[in-house]
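Visitor: Sharing upload-v1.cif, mmCIF, C-alpha atoms:
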```cif
data_start
loop_
_atom_site.group_PDB
_atom_site.id
_atom_site.type_symbol
_atom_site.label_atom_id
_atom_site.label_comp_id
_atom_site.auth_asym_id
_atom_site.auth_seq_id
_atom_site.Cartn_x
_atom_site.Cartn_y
_atom_site.Cartn_z
ATOM 1 C CA MET T 14 2.181 -28.052 16.588
ATOM 2 C CA MET T 15 4.329 -25.789 14.433
ATOM 3 C CA ILE T 16 3.341 -27.574 11.227
ATOM 4 C CA VAL T 17 -0.335 -27.201 12.121
ATOM 5 C CA ALA T 18 0.186 -23.477 12.853
ATOM 6 C CA ILE T 19 1.947 -22.982 9.512
ATOM 7 C CA LEU T 20 -0.818 -24.782 7.623
ATOM 8 C CA VAL T 21 -3.487 -22.715 9.405
ATOM 9 C CA GLY T 22 -1.568 -19.516 8.537
ATOM 10 C CA ILE T 23 -1.261 -20.532 4.889
ATOM 11 C CA GLY T 24 -4.992 -21.309 4.825
ATOM 12 C CA LEU T 25 -5.867 -17.959 6.389
ATOM 13 C CA GLY T 26 -3.639 -16.126 3.885
ATOM 14 C CA ALA T 27 -5.291 -17.906 0.965
ATOM 15 C CA ALA T 28 -8.784 -17.317 2.389
ATOM 16 C CA TYR T 29 -8.031 -13.602 2.770
ATOM 17 C CA VAL T 30 -6.942 -13.202 -0.852
ATOM 18 C CA LEU T 31 -9.692 -15.348 -2.307
ATOM 19 C CA SER T 32 -12.639 -14.046 -0.306
ATOM 20 C CA VAL T 33 -11.855 -10.755 1.442
ATOM 21 C CA GLN T 34 -9.321 -8.801 -0.580
ATOM 22 C CA GLN T 35 -10.578 -6.886 -3.587
ATOM 23 C CA PRO T 36 -8.042 -6.823 -6.431
ATOM 24 C CA GLN T 37 -6.664 -3.379 -7.240
ATOM 25 C CA TYR T 38 -5.442 -2.519 -10.726
ATOM 26 C CA LYS T 39 -2.829 0.198 -11.132
ATOM 27 C CA SER T 40 -2.445 2.333 -14.251
ATOM 28 C CA SER T 41 0.585 4.578 -14.455
ATOM 29 C CA ALA T 42 2.189 7.143 -16.727
ATOM 30 C CA THR T 43 5.294 9.313 -16.843
ATOM 31 C CA LEU T 44 5.073 13.037 -17.556
ATOM 32 C CA LEU T 45 7.903 15.377 -18.495
ATOM 33 C CA LEU T 46 7.704 19.088 -17.739
ATOM 34 C CA THR T 47 9.771 20.980 -20.285
ATOM 35 C CA GLY T 48 10.777 24.609 -19.996
ATOM 36 C CA VAL T 49 11.143 24.584 -16.203
ATOM 37 C CA GLU T 50 13.629 27.322 -15.225
ATOM 38 C CA GLN T 51 16.762 26.255 -13.375
ATOM 39 C CA GLY T 52 16.541 27.082 -9.682
ATOM 40 C CA GLN T 53 12.737 27.017 -9.793
ATOM 41 C CA ASN T 54 12.334 23.379 -10.795
ATOM 42 C CA THR T 55 11.773 21.959 -7.274
ATOM 43 C CA ILE T 56 9.093 24.526 -6.467
ATOM 44 C CA THR T 57 7.466 24.205 -9.885
ATOM 45 C CA LEU T 58 7.460 20.400 -9.783
ATOM 46 C CA THR T 59 6.042 20.402 -6.237
ATOM 47 C CA ASN T 60 3.262 22.736 -7.395
ATOM 48 C CA TYR T 61 2.483 20.521 -10.370
ATOM 49 C CA THR T 62 2.441 17.264 -8.375
ATOM 50 C CA THR T 63 0.140 18.878 -5.800
ATOM 51 C CA LEU T 64 -2.134 20.212 -8.534
ATOM 52 C CA PHE T 65 -2.448 16.742 -10.072
ATOM 53 C CA THR T 66 -4.104 15.389 -6.901
ATOM 54 C CA SER T 67 -6.222 18.486 -6.220
ATOM 55 C CA ARG T 68 -10.012 18.717 -6.328
ATOM 56 C CA ARG T 69 -9.621 21.078 -9.276
ATOM 57 C CA VAL T 70 -8.284 18.171 -11.348
ATOM 58 C CA LEU T 71 -9.929 15.099 -9.803
ATOM 59 C CA ASP T 72 -13.520 16.349 -9.317
ATOM 60 C CA PRO T 73 -14.157 16.845 -13.063
ATOM 61 C CA VAL T 74 -12.573 13.440 -13.712
ATOM 62 C CA ILE T 75 -14.945 11.792 -11.223
ATOM 63 C CA ASP T 76 -17.922 13.360 -13.001
ATOM 64 C CA ARG T 77 -16.784 12.574 -16.547
ATOM 65 C CA ALA T 78 -15.742 8.975 -15.862
ATOM 66 C CA GLN T 79 -18.831 8.352 -13.708
ATOM 67 C CA TYR T 80 -16.577 7.081 -10.940
ATOM 68 C CA LYS T 81 -18.712 5.723 -8.097
ATOM 69 C CA GLY T 82 -16.281 6.673 -5.327
ATOM 70 C CA SER T 83 -15.710 10.012 -3.636
ATOM 71 C CA TYR T 84 -12.888 12.503 -4.122
ATOM 72 C CA GLU T 85 -11.267 11.206 -0.919
ATOM 73 C CA THR T 86 -11.357 7.616 -2.200
ATOM 74 C CA LEU T 87 -9.847 8.578 -5.542
ATOM 75 C CA LEU T 88 -7.250 10.768 -3.845
ATOM 76 C CA ALA T 89 -6.199 7.856 -1.598
ATOM 77 C CA ASN T 90 -5.672 5.764 -4.738
ATOM 78 C CA THR T 91 -3.841 8.432 -6.749
ATOM 79 C CA THR T 92 -0.129 9.198 -6.654
ATOM 80 C CA ALA T 93 1.889 11.953 -8.261
ATOM 81 C CA LYS T 94 5.601 11.941 -7.508
ATOM 82 C CA HIS T 95 8.465 14.085 -8.688
ATOM 83 C CA VAL T 96 11.483 12.007 -9.696
ATOM 84 C CA LYS T 97 14.414 13.609 -7.862
ATOM 85 C CA ASN T 98 16.915 15.605 -9.950
ATOM 86 C CA THR T 99 14.696 15.439 -13.050
ATOM 87 C CA ASP T 100 11.766 17.297 -14.571
ATOM 88 C CA ILE T 101 9.716 14.092 -14.523
ATOM 89 C CA ILE T 102 6.509 13.367 -12.640
ATOM 90 C CA THR T 103 5.202 9.811 -12.314
ATOM 91 C CA VAL T 104 1.454 9.476 -11.838
ATOM 92 C CA SER T 105 -0.735 6.466 -11.094
ATOM 93 C CA MET T 106 -4.267 5.473 -10.099
ATOM 94 C CA ASN T 107 -5.612 2.273 -8.517
ATOM 95 C CA THR T 108 -9.174 0.995 -8.857
ATOM 96 C CA GLY T 109 -10.961 -2.333 -8.713
ATOM 97 C CA GLU T 110 -11.327 -2.452 -12.511
ATOM 98 C CA PRO T 111 -8.418 -2.301 -14.998
ATOM 99 C CA LYS T 112 -10.282 -0.262 -17.617
ATOM 100 C CA MET T 113 -11.549 2.229 -15.016
ATOM 101 C CA SER T 114 -8.046 2.918 -13.695
ATOM 102 C CA GLU T 115 -6.852 3.542 -17.259
ATOM 103 C CA THR T 116 -9.817 5.810 -18.060
ATOM 104 C CA LEU T 117 -9.461 7.809 -14.835
ATOM 105 C CA LEU T 118 -5.743 8.360 -15.332
ATOM 106 C CA LYS T 119 -6.111 9.408 -18.981
ATOM 107 C CA GLN T 120 -8.817 11.891 -18.038
ATOM 108 C CA ALA T 121 -6.789 13.128 -15.058
ATOM 109 C CA ILE T 122 -3.810 13.880 -17.315
ATOM 110 C CA THR T 123 -6.048 15.729 -19.779
ATOM 111 C CA GLU T 124 -7.682 17.712 -16.955
ATOM 112 C CA PHE T 125 -4.266 18.371 -15.389
ATOM 113 C CA GLU T 126 -3.003 19.912 -18.633
ATOM 114 C CA LYS T 127 -6.194 22.000 -18.917
ATOM 115 C CA GLN T 128 -5.971 23.262 -15.323
ATOM 116 C CA THR T 129 -2.272 24.153 -15.569
ATOM 117 C CA LYS T 130 -3.071 26.348 -18.557
ATOM 118 C CA ALA T 131 -6.011 27.921 -16.711
ATOM 119 C CA LEU T 132 -3.929 28.633 -13.612
ATOM 120 C CA TYR T 133 -0.555 29.549 -15.080
ATOM 121 C CA GLY T 134 -1.634 30.956 -18.451
ATOM 122 C CA LYS T 135 0.976 30.995 -21.161
ATOM 123 C CA THR T 136 4.282 29.861 -19.716
ATOM 124 C CA LYS T 137 7.399 28.201 -21.033
ATOM 125 C CA VAL T 138 6.472 25.048 -19.120
ATOM 126 C CA SER T 139 4.737 22.374 -21.141
ATOM 127 C CA ILE T 140 3.639 18.875 -20.168
ATOM 128 C CA LYS T 141 4.625 15.966 -22.356
ATOM 129 C CA THR T 142 3.732 12.318 -21.880
ATOM 130 C CA VAL T 143 6.841 10.116 -21.848
ATOM 131 C CA ASP T 144 5.186 6.796 -20.989
ATOM 132 C CA ALA T 145 1.530 6.645 -21.984
ATOM 133 C CA VAL T 146 -1.144 5.346 -19.631
ATOM 134 C CA ASN T 147 -1.223 1.574 -19.533
ATOM 135 C CA THR T 148 -4.105 -0.835 -19.031
ATOM 136 C CA PRO T 149 -3.084 -3.097 -16.173
ATOM 137 C CA SER T 150 -3.214 -6.800 -17.016
ATOM 138 C CA ALA T 151 -2.805 -8.116 -13.476
ATOM 139 C CA PRO T 152 -3.781 -6.806 -10.047
ATOM 140 C CA ALA T 153 -1.222 -4.670 -8.244
ATOM 141 C CA SER T 154 -2.501 -5.866 -4.870
ATOM 142 C CA ILE T 155 -0.980 -8.776 -2.969
ATOM 143 C CA GLY T 156 -1.171 -12.126 -4.764
ATOM 144 C CA LEU T 157 -2.189 -15.555 -3.555
ATOM 145 C CA GLY T 158 1.376 -16.872 -3.199
ATOM 146 C CA GLN T 159 2.497 -13.807 -1.265
ATOM 147 C CA ALA T 160 -0.490 -13.992 1.089
ATOM 148 C CA MET T 161 0.099 -17.690 1.731
ATOM 149 C CA ALA T 162 3.795 -17.074 2.432
ATOM 150 C CA LEU T 163 3.001 -14.170 4.773
ATOM 151 C CA GLY T 164 0.304 -16.190 6.538
ATOM 152 C CA GLY T 165 2.589 -19.198 6.960
ATOM 153 C CA GLY T 166 5.501 -17.046 8.133
ATOM 154 C CA GLY T 167 3.327 -15.138 10.590
ATOM 155 C CA ALA T 168 1.871 -18.358 11.959
ATOM 156 C CA LEU T 169 5.361 -19.834 12.333
ATOM 157 C CA LEU T 170 6.458 -16.768 14.267
ATOM 158 C CA LEU T 171 3.408 -16.979 16.540
ATOM 159 C CA ALA T 172 4.024 -20.708 17.078
ATOM 160 C CA ILE T 173 7.628 -20.043 18.117
ATOM 161 C CA VAL T 174 6.524 -17.326 20.544
ATOM 162 C CA GLY T 175 3.840 -19.692 21.873
ATOM 163 C CA LEU T 176 6.439 -22.414 22.401
ATOM 164 C CA PHE T 177 8.637 -19.997 24.343
ATOM 165 C CA PHE T 178 5.711 -19.113 26.603
ATOM 166 C CA ALA T 179 4.807 -22.798 27.068
ATOM 167 C CA TYR T 180 8.428 -23.658 27.905
ATOM 168 C CA ASP T 181 8.677 -20.725 30.323
ATOM 169 C CA TYR T 182 5.408 -21.731 31.997
ATOM 170 C CA ALA T 183 6.543 -25.362 32.337
ATOM 171 C CA GLN T 184 9.854 -24.234 33.835
ATOM 172 C CA SER T 185 8.149 -21.927 36.318
ATOM 173 C CA GLN T 186 5.816 -24.791 37.360
ATOM 174 C CA ARG T 187 8.806 -27.079 37.995
ATOM 175 C CA VAL T 188 10.513 -24.392 40.071
ATOM 176 C CA ALA T 189 7.290 -23.764 42.022
ATOM 177 C CA GLU T 190 6.847 -27.505 42.660
ATOM 178 C CA ALA T 191 10.463 -27.852 43.773
ATOM 179 C CA ALA T 192 10.089 -24.866 46.106
ATOM 180 C CA ALA T 193 6.857 -26.261 47.508
ATOM 181 C CA ALA T 194 8.499 -29.662 48.068
ATOM 182 C CA ALA T 195 11.499 -28.041 49.778
ATOM 183 C CA THR T 196 9.195 -25.974 52.013
ATOM 184 C CA SER T 197 7.176 -29.068 52.884
ATOM 185 C CA THR T 198 10.329 -31.043 53.726
ATOM 186 C CA ALA T 199 11.696 -28.188 55.844
ATOM 187 C CA THR T 200 8.388 -27.941 57.732
ATOM 188 C CA LYS T 201 8.348 -31.705 58.444
ATOM 189 C CA THR T 202 11.945 -31.715 59.758
ATOM 190 C CA LYS T 203 11.220 -28.827 62.139
ATOM 191 C CA ARG T 204 8.420 -30.748 63.838
#
```
So, in terms of structure tokens, how does the structure I just supplied come out?

Guide:
Amino acid sequence: MMIVAILVGIGLGAAYVLSVQQPQYKSSATLLLTGVEQGQNTITLTNYTTLFTSRRVLDPVIDRAQYKGSYETLLANTTAKHVKNTDIITVSMNTGEPKMSETLLKQAITEFEKQTKALYGKTKVSIKTVDAVNTPSAPASIGLGQAMALGGGGALLLAIVGLFFAYDYAQSQRVAEAAAAATSTATKTKR
């Protein structure tokens, strides 16, 4: 029974990846903010990471790249994170096409630089690209092997739980039968 459950789980995991899941390709880049004043860097970096995912930056990118999704969809697939104790921001975008994720991220960085200048004017802070935007060569989403392993492991876990329930049910039936037999014997001896 357990082997059958594992095989079914592996099959379901493979079927999910091959027919249901849409591959997602992730492009990423690393940005360095230079000229950030000591003591203000956490606030400044928080402002910049928030600005990167704002409508002010992403809406023009959606228009220029002719992205078919909405702002909310792109926002859900965009990350901008401040690397603790540094002046570095890592940014990334996921889409169903490798070239589109690269194009969107490149345009987002360009728009981000433009909007920081428009909002902050001339400041000492400048944005430099440390790691340029990459074109993803493989999907960032879960792979076939991982899905099969998760499906098999999940099915094994369910099979074990099922066996515990079956064992518990069988035990309770034996106890009920023994109690019924004892009651029947006690009733017969009283007569």

Visitor: Let me know the centre plus edge lengths, in Å and rounded to one decimal, of a box with edges along x, y and z that contains all listed atoms of range 64-80 of chain T and is padded by 6 Å on every side, as lines of an AutoDock Vina configuration file.

Guide:
```
center_x = -10.5
center_y = 14.1
center_z = -11.4
size_x = 28.7
size_y = 26.0
size_z = 22.3
```

Visitor: Mind giving me the straight-line distance from CA of Glu124 in chain T to CA of Ala78 in chain T in Å, one decimal?

Guide: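 Taking CA of Glu124 in chain T and CA of Ala78 in chain T, their separation equals 11.9 Å.
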
Visitor: Compile the contact shell of range 35-51 of chain T as number ranges by chain: residues with an atom at most 7 Å away, counting all atoms listed in the file, same-chain residues fewer than 6 positions apart removed.

Guide: T: 100-111, 114-115, 118, 137-149, 151-154

Visitor: Restricting the calculation to only C-alpha atoms, which member of T:Val96, T:Lys127, T:Gly166, T:Asn90 is positioned closest to Thr59 in chain T?

Guide: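 Smallest distance to Thr59 in chain T is found for T:Val96.
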
Visitor: State, in Å with one decimal place, the distance from CA of Leu88 in chain T to CA of Thr66 in chain T.

Guide: 6.4 Å

Visitor: Kindly indicate which residue among T:Val17, T:Leu87, T:Ala121, T:Ala192 lies nearest to Leu64 in chain T, using all atoms listed in the file for the distances.

Guide: T:Ala121
